[in-house]
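Input: a single structure, listed below in structure tokens.
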Amino acid sequence: MGEQADGYVGFRVPSSDADLRSAVDATNAGRRAAYARSAADAGTSADVAGSRMFESQLLPRISSGQWYRNAQGQWVQR
């Protein structure tokens with residue numbers, strides 16, 4: 001599991017843990033709403049707002065050893 005370049009949380013490997021999947025879904029739903037509000041204020045799309053959030057806020061917080069999915073769709077370890 002890790003951050004993705006689109007601003008959402010994703011699974012690097014499939015998970016059968018229903019509670020974890022539910023938590024990820026809830027997190028992503030909250031982010032989706034926040035990106036939509038931000039996009040409306042900035043006159044852009046929610047996709048652009050999510051990508052900008054990843055670049056400016058989420059990527060800098062990823063610690064050494066953690067995994068994230070880059071813009072090319074590849075999971076890489078920091």
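Naming works like this for the structure tokens: A, B, ... for the chains as they're shown, residue 1 at the start of each chain, ligands 1 onward in shown order.
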Skip segment 13-22 of chain A itself and residues of its chain fewer than 3 positions away, then list as a VMD selection string all residues within 12 Å of it, counting only C-alpha atoms. chain A and resid 1 to 2 9 to 10 25 to 29 67 to 69 75
Written file, previous selection with N, CA and C atoms, as a CSV table (one decimal), in the first residue's frame:
```
chain,number,residue,atom,x,y,z
A,1,MET,N,0.8,-1.2,0.0
A,1,MET,CA,0.0,0.0,0.0
A,1,MET,C,0.9,1.2,0.0
A,2,GLY,N,0.5,2.3,-0.7
A,2,GLY,CA,1.2,3.5,-0.7
A,2,GLY,C,0.5,4.6,-1.5
A,9,VAL,N,-4.4,6.8,-2.4
A,9,VAL,CA,-3.7,5.6,-1.9
A,9,VAL,C,-4.1,4.4,-2.7
A,10,GLY,N,-3.1,3.6,-3.0
A,10,GLY,CA,-3.3,2.3,-3.7
A,10,GLY,C,-2.6,1.2,-3.1
A,25,ASP,N,-10.5,2.9,0.9
A,25,ASP,CA,-11.7,3.5,0.2
A,25,ASP,C,-12.2,4.7,0.8
A,26,ALA,N,-12.3,4.8,2.1
A,26,ALA,CA,-12.8,5.9,2.9
A,26,ALA,C,-11.8,7.1,2.7
A,27,THR,N,-10.5,6.8,2.8
A,27,THR,CA,-9.5,7.8,2.6
A,27,THR,C,-9.6,8.4,1.2
A,28,ASN,N,-9.7,7.6,0.2
A,28,ASN,CA,-9.7,8.0,-1.2
A,28,ASN,C,-11.0,8.8,-1.4
A,29,ALA,N,-12.1,8.4,-0.8
A,29,ALA,CA,-13.4,9.2,-1.0
A,29,ALA,C,-13.2,10.6,-0.4
A,67,TRP,N,7.1,2.7,-0.3
A,67,TRP,CA,6.8,2.6,-1.7
A,67,TRP,C,5.8,3.6,-2.1
A,68,TYR,N,5.9,4.1,-3.4
A,68,TYR,CA,4.9,4.9,-4.0
A,68,TYR,C,4.8,4.6,-5.4
A,69,ARG,N,3.7,5.0,-6.0
A,69,ARG,CA,3.4,4.7,-7.5
A,69,ARG,C,3.7,6.0,-8.2
A,75,TRP,N,5.6,1.1,-9.3
A,75,TRP,CA,5.8,1.2,-7.9
A,75,TRP,C,7.3,1.3,-7.7
```
Compile the contact shell of Asn70 of chain A as a PyMOL selection string: residues with an atom at most 9 Å away, counting only C-alpha atoms, same-chain residues fewer than 3 positions apart removed. chain A and resi 3-6+73-76
If we count only C-alpha atoms and set the cut-off at 7 Å, which residues sit around segment 56-66 of chain A, ignoring sequence neighbours fewer than 4 positions away in its own chain? Please answer as a VMD selection string. chain A and resid 52 77 to 78
Output N, CA and C atoms for every residue in that selection, as a JSON list (two decimals), in the first residue's frame.
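Saved as out29.json:
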```
[["chain", "number", "residue", "atom", "x", "y", "z"],
["A", 52, "ARG", "N", -1.25, 17.54, -8.24],
["A", 52, "ARG", "CA", -0.52, 18.63, -7.58],
["A", 52, "ARG", "C", -0.35, 18.37, -6.09],
["A", 77, "GLN", "N", 10.51, 2.34, -4.72],
["A", 77, "GLN", "CA", 10.81, 2.51, -3.30],
["A", 77, "GLN", "C", 11.74, 3.69, -3.14],
["A", 78, "ARG", "N", 11.40, 4.52, -2.17],
["A", 78, "ARG", "CA", 12.22, 5.71, -1.91],
["A", 78, "ARG", "C", 13.42, 5.32, -1.10]]
```
Would you mind writing down, as a PDB file with all heavy atoms, in the first residue's frame, each residue of chain A that DSSP on the backbone assigns to strand (DSSP E or B)?
```pdb
ATOM      1  N   GLY A   2       0.465   2.277  -0.690  1.00  0.00           N
ATOM      2  CA  GLY A   2       1.240   3.500  -0.691  1.00  0.00           C
ATOM      3  C   GLY A   2       0.546   4.612  -1.453  1.00  0.00           C
ATOM      4  O   GLY A   2      -0.508   4.424  -2.058  1.00  0.00           O
ATOM      5  N   GLU A   3       1.193   5.752  -1.405  1.00  0.00           N
ATOM      6  CA  GLU A   3       0.691   6.920  -2.136  1.00  0.00           C
ATOM      7  C   GLU A   3       0.896   6.707  -3.629  1.00  0.00           C
ATOM      8  O   GLU A   3       1.797   5.993  -4.059  1.00  0.00           O
ATOM      9  CB  GLU A   3       1.438   8.184  -1.693  1.00  0.00           C
ATOM     10  CG  GLU A   3       1.221   8.549  -0.245  1.00  0.00           C
ATOM     11  CD  GLU A   3      -0.193   9.030   0.063  1.00  0.00           C
ATOM     12  OE1 GLU A   3      -0.995   9.264  -0.863  1.00  0.00           O
ATOM     13  OE2 GLU A   3      -0.484   9.174   1.259  1.00  0.00           O
ATOM     14  N   GLN A   4       0.056   7.369  -4.413  1.00  0.00           N
ATOM     15  CA  GLN A   4       0.147   7.291  -5.861  1.00  0.00           C
ATOM     16  C   GLN A   4       0.226   8.703  -6.430  1.00  0.00           C
ATOM     17  O   GLN A   4      -0.272   9.654  -5.822  1.00  0.00           O
ATOM     18  CB  GLN A   4      -1.080   6.579  -6.445  1.00  0.00           C
ATOM     19  CG  GLN A   4      -1.270   5.185  -5.902  1.00  0.00           C
ATOM     20  CD  GLN A   4      -2.474   4.498  -6.511  1.00  0.00           C
ATOM     21  OE1 GLN A   4      -2.326   3.441  -7.077  1.00  0.00           O
ATOM     22  NE2 GLN A   4      -3.655   5.074  -6.399  1.00  0.00           N
ATOM     23  N   VAL A   9      -4.441   6.756  -2.450  1.00  0.00           N
ATOM     24  CA  VAL A   9      -3.728   5.625  -1.875  1.00  0.00           C
ATOM     25  C   VAL A   9      -4.083   4.393  -2.697  1.00  0.00           C
ATOM     26  O   VAL A   9      -5.228   4.215  -3.110  1.00  0.00           O
ATOM     27  CB  VAL A   9      -4.148   5.414  -0.399  1.00  0.00           C
ATOM     28  CG1 VAL A   9      -3.461   4.194   0.194  1.00  0.00           C
ATOM     29  CG2 VAL A   9      -3.846   6.652   0.430  1.00  0.00           C
ATOM     30  N   GLY A  10      -3.082   3.553  -2.951  1.00  0.00           N
ATOM     31  CA  GLY A  10      -3.321   2.333  -3.714  1.00  0.00           C
ATOM     32  C   GLY A  10      -2.583   1.155  -3.112  1.00  0.00           C
ATOM     33  O   GLY A  10      -1.752   1.314  -2.213  1.00  0.00           O
ATOM     34  N   TRP A  67       7.129   2.709  -0.268  1.00  0.00           N
ATOM     35  CA  TRP A  67       6.798   2.560  -1.684  1.00  0.00           C
ATOM     36  C   TRP A  67       5.780   3.619  -2.105  1.00  0.00           C
ATOM     37  O   TRP A  67       4.922   4.001  -1.328  1.00  0.00           O
ATOM     38  CB  TRP A  67       6.185   1.186  -1.938  1.00  0.00           C
ATOM     39  CG  TRP A  67       7.177   0.071  -1.819  1.00  0.00           C
ATOM     40  CD1 TRP A  67       7.510  -0.589  -0.675  1.00  0.00           C
ATOM     41  CD2 TRP A  67       7.949  -0.504  -2.859  1.00  0.00           C
ATOM     42  NE1 TRP A  67       8.449  -1.547  -0.944  1.00  0.00           N
ATOM     43  CE2 TRP A  67       8.732  -1.518  -2.284  1.00  0.00           C
ATOM     44  CE3 TRP A  67       8.056  -0.268  -4.225  1.00  0.00           C
ATOM     45  CZ2 TRP A  67       9.615  -2.293  -3.032  1.00  0.00           C
ATOM     46  CZ3 TRP A  67       8.926  -1.050  -4.968  1.00  0.00           C
ATOM     47  CH2 TRP A  67       9.692  -2.040  -4.370  1.00  0.00           C
ATOM     48  N   TYR A  68       5.876   4.055  -3.365  1.00  0.00           N
ATOM     49  CA  TYR A  68       4.882   4.931  -3.964  1.00  0.00           C
ATOM     50  C   TYR A  68       4.795   4.615  -5.450  1.00  0.00           C
ATOM     51  O   TYR A  68       5.706   4.039  -6.033  1.00  0.00           O
ATOM     52  CB  TYR A  68       5.191   6.410  -3.717  1.00  0.00           C
ATOM     53  CG  TYR A  68       6.420   6.922  -4.444  1.00  0.00           C
ATOM     54  CD1 TYR A  68       6.302   7.566  -5.674  1.00  0.00           C
ATOM     55  CD2 TYR A  68       7.686   6.775  -3.900  1.00  0.00           C
ATOM     56  CE1 TYR A  68       7.423   8.027  -6.343  1.00  0.00           C
ATOM     57  CE2 TYR A  68       8.803   7.245  -4.548  1.00  0.00           C
ATOM     58  CZ  TYR A  68       8.670   7.867  -5.778  1.00  0.00           C
ATOM     59  OH  TYR A  68       9.783   8.322  -6.440  1.00  0.00           O
ATOM     60  N   ARG A  69       3.661   4.987  -6.031  1.00  0.00           N
ATOM     61  CA  ARG A  69       3.445   4.744  -7.459  1.00  0.00           C
ATOM     62  C   ARG A  69       3.665   6.042  -8.204  1.00  0.00           C
ATOM     63  O   ARG A  69       2.984   7.039  -7.963  1.00  0.00           O
ATOM     64  CB  ARG A  69       2.027   4.226  -7.684  1.00  0.00           C
ATOM     65  CG  ARG A  69       1.787   3.736  -9.077  1.00  0.00           C
ATOM     66  CD  ARG A  69       0.434   3.102  -9.160  1.00  0.00           C
ATOM     67  NE  ARG A  69       0.251   2.494 -10.459  1.00  0.00           N
ATOM     68  CZ  ARG A  69      -0.841   1.901 -10.849  1.00  0.00           C
ATOM     69  NH1 ARG A  69      -1.866   1.825 -10.025  1.00  0.00           N
ATOM     70  NH2 ARG A  69      -0.933   1.384 -12.034  1.00  0.00           N
ATOM     71  N   TRP A  75       5.555   1.145  -9.317  1.00  0.00           N
ATOM     72  CA  TRP A  75       5.789   1.222  -7.887  1.00  0.00           C
ATOM     73  C   TRP A  75       7.288   1.286  -7.669  1.00  0.00           C
ATOM     74  O   TRP A  75       8.033   0.433  -8.161  1.00  0.00           O
ATOM     75  CB  TRP A  75       5.200   0.026  -7.157  1.00  0.00           C
ATOM     76  CG  TRP A  75       3.722   0.100  -7.063  1.00  0.00           C
ATOM     77  CD1 TRP A  75       2.799  -0.500  -7.873  1.00  0.00           C
ATOM     78  CD2 TRP A  75       2.966   0.851  -6.100  1.00  0.00           C
ATOM     79  NE1 TRP A  75       1.537  -0.172  -7.470  1.00  0.00           N
ATOM     80  CE2 TRP A  75       1.597   0.647  -6.379  1.00  0.00           C
ATOM     81  CE3 TRP A  75       3.313   1.665  -5.026  1.00  0.00           C
ATOM     82  CZ2 TRP A  75       0.580   1.228  -5.634  1.00  0.00           C
ATOM     83  CZ3 TRP A  75       2.300   2.246  -4.266  1.00  0.00           C
ATOM     84  CH2 TRP A  75       0.967   2.030  -4.577  1.00  0.00           C
ATOM     85  N   VAL A  76       7.739   2.329  -6.971  1.00  0.00           N
ATOM     86  CA  VAL A  76       9.162   2.502  -6.690  1.00  0.00           C
ATOM     87  C   VAL A  76       9.347   2.729  -5.196  1.00  0.00           C
ATOM     88  O   VAL A  76       8.455   3.232  -4.509  1.00  0.00           O
ATOM     89  CB  VAL A  76       9.775   3.670  -7.491  1.00  0.00           C
ATOM     90  CG1 VAL A  76       9.772   3.370  -8.972  1.00  0.00           C
ATOM     91  CG2 VAL A  76       9.035   4.963  -7.238  1.00  0.00           C
ATOM     92  N   GLN A  77      10.514   2.343  -4.721  1.00  0.00           N
ATOM     93  CA  GLN A  77      10.813   2.511  -3.303  1.00  0.00           C
ATOM     94  C   GLN A  77      11.739   3.695  -3.138  1.00  0.00           C
ATOM     95  O   GLN A  77      12.702   3.852  -3.862  1.00  0.00           O
ATOM     96  CB  GLN A  77      11.463   1.238  -2.768  1.00  0.00           C
ATOM     97  CG  GLN A  77      11.547   1.188  -1.276  1.00  0.00           C
ATOM     98  CD  GLN A  77      12.020  -0.188  -0.795  1.00  0.00           C
ATOM     99  OE1 GLN A  77      12.717  -0.903  -1.507  1.00  0.00           O
ATOM    100  NE2 GLN A  77      11.627  -0.550   0.406  1.00  0.00           N
TER     101      GLN A  77
END
```
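Atom to atom, atom CA of Gly7 of chain A and atom CA of Ala49 of chain A stand 8.2 Å apart.
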Have a look at atom CA of Phe54 of chain A and atom CA of Arg31 of chain A and let me know their distance in Å, one decimal.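 Atom-to-atom, atom CA of Phe54 of chain A and atom CA of Arg31 of chain A are spaced 11.1 Å apart.
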In Å, how far is it from atom CA of Asp47 of chain A to atom CA of Phe11 of chain A?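 According to the coordinates, atom CA of Asp47 of chain A and atom CA of Phe11 of chain A are separated by 18.9 Å.
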As JSON, numbers by chain, please: every residue in chain A that DSSP puts in alpha helix (DSSP H). {"A": [18, 19, 20, 21, 22, 23, 24, 25, 26, 27, 28, 29, 30, 31, 32, 33, 34, 35, 36, 37, 38, 39, 40, 41, 42, 46, 47, 48, 49, 50, 51, 52, 53]}
